[in-house]
$ cat upload-v4.cif   # mmCIF, C-alpha atoms
data_data
#
loop_
_atom_site.label_atom_id
_atom_site.label_comp_id
_atom_site.auth_asym_id
_atom_site.auth_seq_id
_atom_site.Cartn_x
_atom_site.Cartn_y
_atom_site.Cartn_z
CA MET A 17 0.00 0.00 0.00
CA SER A 18 2.64 2.53 1.00
CA GLU A 19 4.95 1.60 -1.89
CA ILE A 20 2.85 3.68 -4.29
CA LEU A 21 3.41 6.78 -2.13
CA ARG A 22 7.13 6.10 -1.90
CA LYS A 23 7.37 5.72 -5.68
CA GLN A 24 5.66 9.07 -6.13
CA LEU A 25 7.97 10.78 -3.64
CA GLU A 26 11.02 9.27 -5.33
CA LYS A 27 9.99 10.60 -8.74
CA ILE A 28 10.95 13.97 -7.25
CA THR A 29 13.34 13.25 -4.36
CA PRO A 30 15.03 10.12 -2.99
CA VAL A 31 14.14 9.03 0.54
CA THR A 32 15.80 6.52 2.83
CA ASP A 33 13.83 3.77 4.55
CA SER A 34 13.91 5.63 7.86
CA GLU A 35 12.86 8.91 6.20
CA PHE A 36 9.97 7.16 4.49
CA ASP A 37 8.88 5.50 7.74
CA TYR A 38 8.85 8.94 9.36
CA ILE A 39 6.87 10.44 6.45
CA LEU A 40 4.37 7.59 6.46
CA SER A 41 3.84 7.97 10.22
CA HIS A 42 2.14 11.32 9.48
CA PHE A 43 -0.55 9.71 7.32
CA THR A 44 -3.64 7.73 8.25
CA SER A 45 -5.39 5.25 5.98
CA LYS A 46 -9.05 5.26 5.04
CA LYS A 47 -11.12 2.83 2.97
CA LEU A 48 -14.35 3.89 1.28
CA LYS A 49 -17.08 2.14 -0.66
CA LYS A 50 -18.34 3.02 -4.10
CA HIS A 51 -20.56 6.15 -3.92
CA GLN A 52 -19.31 6.99 -0.42
CA PHE A 53 -18.40 10.63 0.22
CA LEU A 54 -14.85 11.53 1.14
CA VAL A 55 -15.72 15.25 1.43
CA GLN A 56 -19.17 16.83 1.44
CA GLU A 57 -20.06 20.44 0.74
CA ASP A 58 -20.13 22.54 3.94
CA ASP A 59 -17.94 20.07 5.87
CA LEU A 60 -14.55 21.02 7.23
CA VAL A 61 -11.72 19.49 5.21
CA PRO A 62 -8.95 18.39 7.56
CA ASN A 63 -7.01 16.26 5.04
CA ASP A 64 -5.37 16.09 1.67
CA PHE A 65 -5.83 12.62 0.21
CA PHE A 66 -3.39 10.43 -1.71
CA VAL A 67 -5.17 7.74 -3.71
CA VAL A 68 -3.73 4.29 -3.11
CA HIS A 69 -6.50 2.43 -4.91
CA GLY A 70 -9.75 3.45 -6.56
CA LEU A 71 -11.26 6.39 -8.39
CA LEU A 72 -12.84 9.61 -7.10
CA LYS A 73 -14.38 12.78 -8.47
CA ALA A 74 -14.44 16.30 -7.08
CA CYS A 75 -17.48 18.27 -8.15
CA PHE A 76 -19.51 21.37 -7.55
CA VAL A 77 -23.30 21.40 -7.87
CA ASN A 78 -24.67 24.78 -8.94
CA GLN A 79 -27.97 26.38 -7.86
CA ASP A 80 -29.77 24.67 -10.75
CA GLY A 81 -28.59 21.27 -9.55
CA LYS A 82 -26.14 20.81 -12.42
CA GLU A 83 -23.00 18.92 -11.49
CA HIS A 84 -19.66 20.34 -12.64
CA ILE A 85 -16.75 17.93 -12.25
CA LEU A 86 -13.48 19.70 -11.52
CA GLN A 87 -11.21 16.73 -11.11
CA PHE A 88 -10.91 12.99 -11.14
CA ALA A 89 -8.33 11.19 -9.03
CA ALA A 90 -7.08 7.65 -9.58
CA GLU A 91 -4.17 5.74 -8.10
CA ASP A 92 -1.09 7.87 -7.41
CA TRP A 93 -3.05 11.18 -7.52
CA TRP A 94 -3.85 13.70 -4.79
CA ILE A 95 -7.30 15.18 -4.20
CA THR A 96 -9.07 17.44 -1.73
CA ASP A 97 -10.99 20.71 -1.63
CA TYR A 98 -7.79 22.78 -1.54
CA GLN A 99 -9.50 26.05 -0.71
CA ALA A 100 -11.12 24.50 2.37
CA TYR A 101 -8.02 22.48 3.29
CA PHE A 102 -5.50 25.33 3.21
CA ASN A 103 -7.84 27.99 4.60
CA GLN A 104 -9.42 25.62 7.15
CA THR A 105 -12.89 26.62 5.95
CA LYS A 106 -15.95 24.64 4.89
CA ALA A 107 -15.91 22.69 1.65
CA THR A 108 -17.45 24.09 -1.51
CA LEU A 109 -16.80 20.81 -3.32
CA THR A 110 -18.04 17.28 -2.88
CA ILE A 111 -15.63 14.40 -3.38
CA ASP A 112 -17.05 10.94 -3.76
CA CYS A 113 -15.94 7.49 -4.81
CA ILE A 114 -16.64 6.20 -8.30
CA GLU A 115 -15.07 2.89 -7.26
CA PRO A 116 -14.17 1.35 -3.90
CA THR A 117 -11.24 3.47 -2.78
CA GLU A 118 -8.37 3.53 -0.33
CA VAL A 119 -6.63 6.80 0.47
CA LEU A 120 -3.81 8.00 2.68
CA CYS A 121 -4.90 11.10 4.63
CA LEU A 122 -2.52 13.94 5.47
CA SER A 123 -3.72 16.64 7.83
CA LEU A 124 -2.61 20.22 7.24
CA TYR A 125 -0.84 20.14 10.61
CA ASN A 126 1.12 17.01 9.64
CA ARG A 127 1.88 18.38 6.18
CA GLU A 128 3.30 21.58 7.70
CA LYS A 129 5.25 19.54 10.26
CA LEU A 130 6.75 17.31 7.56
CA CYS A 131 7.68 20.33 5.44
CA ALA A 132 9.33 22.03 8.44
CA ASP A 133 11.18 18.85 9.43
CA MET A 134 12.31 17.76 5.95
CA HIS A 135 13.34 20.15 3.22
CA LYS A 136 12.94 17.40 0.61
CA ILE A 137 9.23 17.02 1.49
CA GLU A 138 8.71 20.76 1.20
CA HIS A 139 10.43 20.51 -2.20
CA PHE A 140 8.17 17.58 -3.14
CA PHE A 141 4.97 19.46 -2.31
CA ARG A 142 6.19 22.60 -4.11
CA LYS A 143 6.85 20.57 -7.26
CA LYS A 144 3.45 18.82 -6.98
CA SER A 145 1.69 22.18 -6.42
CA ASN A 146 3.41 23.70 -9.44
CA ALA A 147 2.35 20.77 -11.61
CA GLY A 148 -1.19 21.17 -10.29
CA TYR A 149 -1.22 24.88 -11.20
CA VAL A 150 -0.08 24.04 -14.73
CA ALA A 151 -2.75 21.35 -15.11
CA LEU A 152 -5.45 23.69 -13.78
CA GLN A 153 -4.43 26.43 -16.22
CA ARG A 154 -4.47 23.93 -19.12
CA ARG A 155 -7.95 22.75 -18.07
CA ILE A 156 -9.35 26.28 -17.83
CA LEU A 157 -7.88 27.26 -21.20
CA SER A 158 -9.26 24.08 -22.73
CA LEU A 159 -12.75 24.85 -21.41
CA LEU A 160 -12.50 28.43 -22.72
CA ASN A 161 -10.92 27.81 -26.10
CA SER A 162 -11.46 24.22 -27.24
CA SER A 163 -14.46 22.69 -28.94
CA ALA A 164 -16.26 19.78 -27.33
CA LYS A 165 -14.54 17.43 -29.78
CA GLU A 166 -11.12 18.87 -28.92
CA ARG A 167 -11.80 18.52 -25.18
CA TYR A 168 -12.94 14.93 -25.73
CA ASP A 169 -9.79 14.11 -27.73
CA GLN A 170 -7.60 15.77 -25.07
CA PHE A 171 -9.30 13.72 -22.34
CA LEU A 172 -8.74 10.46 -24.24
CA GLN A 173 -5.11 11.34 -24.87
CA GLN A 174 -4.37 12.42 -21.28
CA TYR A 175 -6.41 9.78 -19.44
CA PRO A 176 -6.95 6.74 -21.68
CA THR A 177 -7.52 4.32 -18.79
CA LEU A 178 -10.05 6.56 -17.03
CA PHE A 179 -12.36 6.45 -20.03
CA GLN A 180 -12.86 2.71 -19.47
CA ARG A 181 -13.35 3.00 -15.71
CA MET A 182 -16.22 5.44 -15.38
CA PRO A 183 -19.74 6.10 -16.61
CA LYS A 184 -19.94 8.30 -19.69
CA THR A 185 -22.25 10.71 -17.84
CA LEU A 186 -19.32 11.62 -15.57
CA ILE A 187 -17.00 12.17 -18.52
CA ALA A 188 -19.65 14.37 -20.13
CA ALA A 189 -19.95 16.44 -16.93
CA TYR A 190 -16.17 16.82 -16.78
CA LEU A 191 -16.04 17.96 -20.42
CA GLY A 192 -18.99 20.30 -19.98
CA VAL A 193 -21.20 18.56 -22.55
CA SER A 194 -24.41 16.55 -22.46
CA ARG A 195 -24.38 12.75 -22.46
CA GLU A 196 -25.91 12.87 -25.94
CA THR A 197 -23.12 15.12 -27.22
CA LEU A 198 -20.54 12.78 -25.73
CA SER A 199 -22.18 9.85 -27.56
CA ARG A 200 -21.86 11.74 -30.85
CA LEU A 201 -18.24 12.62 -30.12
CA SER A 202 -17.30 9.04 -29.35
CA ALA A 203 -19.08 7.57 -32.37
#

$ encode --input "upload-v4.cif" --output "structure tokens"
Amino acid sequence: MSEILRKQLEKITPVTDSEFDYILSHFTSKKLKKHQFLVQEDDLVPNDFFVVHGLLKACFVNQDGKEHILQFAAEDWWITDYQAYFNQTKATLTIDCIEPTEVLCLSLYNREKLCADMHKIEHFFRKKSNAGYVALQRRILSLLNSSAKERYDQFLQQYPTLFQRMPKTLIAAYLGVSRETLSRLSA
């Protein structure tokens, strides 16, 4: 279970066995069932979550009841409501499980402690945050400038395995199109 986290850390910085044991001691593990909520709107968000196994979605439901999916997270990805996590405020997003899921939970306190104790972990989180900013900017620009077909093709290229793992209605919500439009795009 923890090997997947170590592999991710070591893509950015090497860690010794004792360093990794110390890092891992700051996480807790949580298992969730399909359709179970990890975060619900208006809840406090004490943790950032590293996905060990499973598939989740982070979404926002507008006043009309329309679901807007901001992010998916599969194995080796991080997910939380970052605004609520870093500001210690209530969630504006809902995160729920598309599949049975296991996550490693890192509280903000433990994250800050790890970063203060180990420069290489602070470096790791800075690199991960920077990559997240780049991905978010690409996603926003894609939504603003790309056609539905282009967004669909980008999704297939970036996440080929996700397409097989989730209902098409979720992919349509992520792309900002109707299920019918998605059917035409994939035909």

$ closest_residue --input "upload-v4.cif" --among "A:Thr110, A:Arg167, A:Met134, A:Leu86" --to "Phe36 (chain A)" --atoms "all atoms listed in the file"
A:Met134

$ atom_distance --input "upload-v4.cif" --atom1 "CA of Leu178 (chain A)" --atom2 "CA of Phe88 (chain A)"
8.8 Å

$ residues_around --input "upload-v4.cif" --residues "region 60-74 of chain A" --least-positions-apart "6" --cutoff "9 Å" --atoms "only C-alpha atoms" --output "JSON, numbers by chain"
{"A": [17, 18, 20, 21, 50, 54, 84, 85, 86, 87, 88, 89, 90, 91, 92, 93, 94, 95, 96, 97, 98, 100, 101, 102, 104, 105, 106, 107, 109, 110, 111, 112, 113, 114, 115, 116, 117, 118, 119, 120, 121, 122, 123, 124, 125, 127, 178, 181, 182, 186]}

$ write_last_selection --input "upload-v4.cif" --atoms "C-alpha atoms" --output "CSV table (one decimal), in the coordinates of the input"
chain,number,residue,atom,x,y,z
A,17,MET,CA,0.0,0.0,0.0
A,18,SER,CA,2.6,2.5,1.0
A,20,ILE,CA,2.8,3.7,-4.3
A,21,LEU,CA,3.4,6.8,-2.1
A,50,LYS,CA,-18.3,3.0,-4.1
A,54,LEU,CA,-14.8,11.5,1.1
A,84,HIS,CA,-19.7,20.3,-12.6
A,85,ILE,CA,-16.8,17.9,-12.2
A,86,LEU,CA,-13.5,19.7,-11.5
A,87,GLN,CA,-11.2,16.7,-11.1
A,88,PHE,CA,-10.9,13.0,-11.1
A,89,ALA,CA,-8.3,11.2,-9.0
A,90,ALA,CA,-7.1,7.6,-9.6
A,91,GLU,CA,-4.2,5.7,-8.1
A,92,ASP,CA,-1.1,7.9,-7.4
A,93,TRP,CA,-3.0,11.2,-7.5
A,94,TRP,CA,-3.8,13.7,-4.8
A,95,ILE,CA,-7.3,15.2,-4.2
A,96,THR,CA,-9.1,17.4,-1.7
A,97,ASP,CA,-11.0,20.7,-1.6
A,98,TYR,CA,-7.8,22.8,-1.5
A,100,ALA,CA,-11.1,24.5,2.4
A,101,TYR,CA,-8.0,22.5,3.3
A,102,PHE,CA,-5.5,25.3,3.2
A,104,GLN,CA,-9.4,25.6,7.2
A,105,THR,CA,-12.9,26.6,6.0
A,106,LYS,CA,-16.0,24.6,4.9
A,107,ALA,CA,-15.9,22.7,1.6
A,109,LEU,CA,-16.8,20.8,-3.3
A,110,THR,CA,-18.0,17.3,-2.9
A,111,ILE,CA,-15.6,14.4,-3.4
A,112,ASP,CA,-17.0,10.9,-3.8
A,113,CYS,CA,-15.9,7.5,-4.8
A,114,ILE,CA,-16.6,6.2,-8.3
A,115,GLU,CA,-15.1,2.9,-7.3
A,116,PRO,CA,-14.2,1.4,-3.9
A,117,THR,CA,-11.2,3.5,-2.8
A,118,GLU,CA,-8.4,3.5,-0.3
A,119,VAL,CA,-6.6,6.8,0.5
A,120,LEU,CA,-3.8,8.0,2.7
A,121,CYS,CA,-4.9,11.1,4.6
A,122,LEU,CA,-2.5,13.9,5.5
A,123,SER,CA,-3.7,16.6,7.8
A,124,LEU,CA,-2.6,20.2,7.2
A,125,TYR,CA,-0.8,20.1,10.6
A,127,ARG,CA,1.9,18.4,6.2
A,178,LEU,CA,-10.0,6.6,-17.0
A,181,ARG,CA,-13.4,3.0,-15.7
A,182,MET,CA,-16.2,5.4,-15.4
A,186,LEU,CA,-19.3,11.6,-15.6

$ closest_residue --input "upload-v4.cif" --among "A:Ser163, A:Glu19, A:Ser45, A:Cys131" --to "Asp33 (chain A)" --atoms "only C-alpha atoms"
A:Glu19

$ atom_distance --input "upload-v4.cif" --atom1 "CA of Asn103 (chain A)" --atom2 "CA of Lys23 (chain A)"
28.9 Å

$ residues_around --input "upload-v4.cif" --residues "Ala147 (chain A)" --least-positions-apart "6" --cutoff "12 Å" --atoms "all atoms listed in the file" --output "VMD selection string"
chain A and resid 28 93 to 94 140 to 141 153 to 154

$ residues_around --input "upload-v4.cif" --residues "region 193-200 of chain A" --least-positions-apart "4" --cutoff "9 Å" --atoms "all atoms listed in the file" --output "PDB file with C-alpha atoms, in the coordinates of the input"
ATOM      1  CA  ALA A 164     -16.260  19.780 -27.330  1.00  0.00           C
ATOM      2  CA  LYS A 165     -14.540  17.430 -29.780  1.00  0.00           C
ATOM      3  CA  TYR A 168     -12.940  14.930 -25.730  1.00  0.00           C
ATOM      4  CA  LYS A 184     -19.940   8.300 -19.690  1.00  0.00           C
ATOM      5  CA  THR A 185     -22.250  10.710 -17.840  1.00  0.00           C
ATOM      6  CA  LEU A 186     -19.320  11.620 -15.570  1.00  0.00           C
ATOM      7  CA  ILE A 187     -17.000  12.170 -18.520  1.00  0.00           C
ATOM      8  CA  ALA A 188     -19.650  14.370 -20.130  1.00  0.00           C
ATOM      9  CA  ALA A 189     -19.950  16.440 -16.930  1.00  0.00           C
TER      10      ALA A 189
END

$ atom_distance --input "upload-v4.cif" --atom1 "CA of Phe43 (chain A)" --atom2 "CA of Glu57 (chain A)"
23.2 Å

$ closest_residue --input "upload-v4.cif" --among "A:Asn146, A:Ser202, A:Ser41, A:Thr29" --to "Glu166 (chain A)" --atoms "all atoms listed in the file"
A:Ser202

$ closest_residue --input "upload-v4.cif" --among "A:Lys27, A:Lys49, A:Arg22, A:His42" --to "Lys143 (chain A)" --atoms "all atoms listed in the file"
A:Lys27
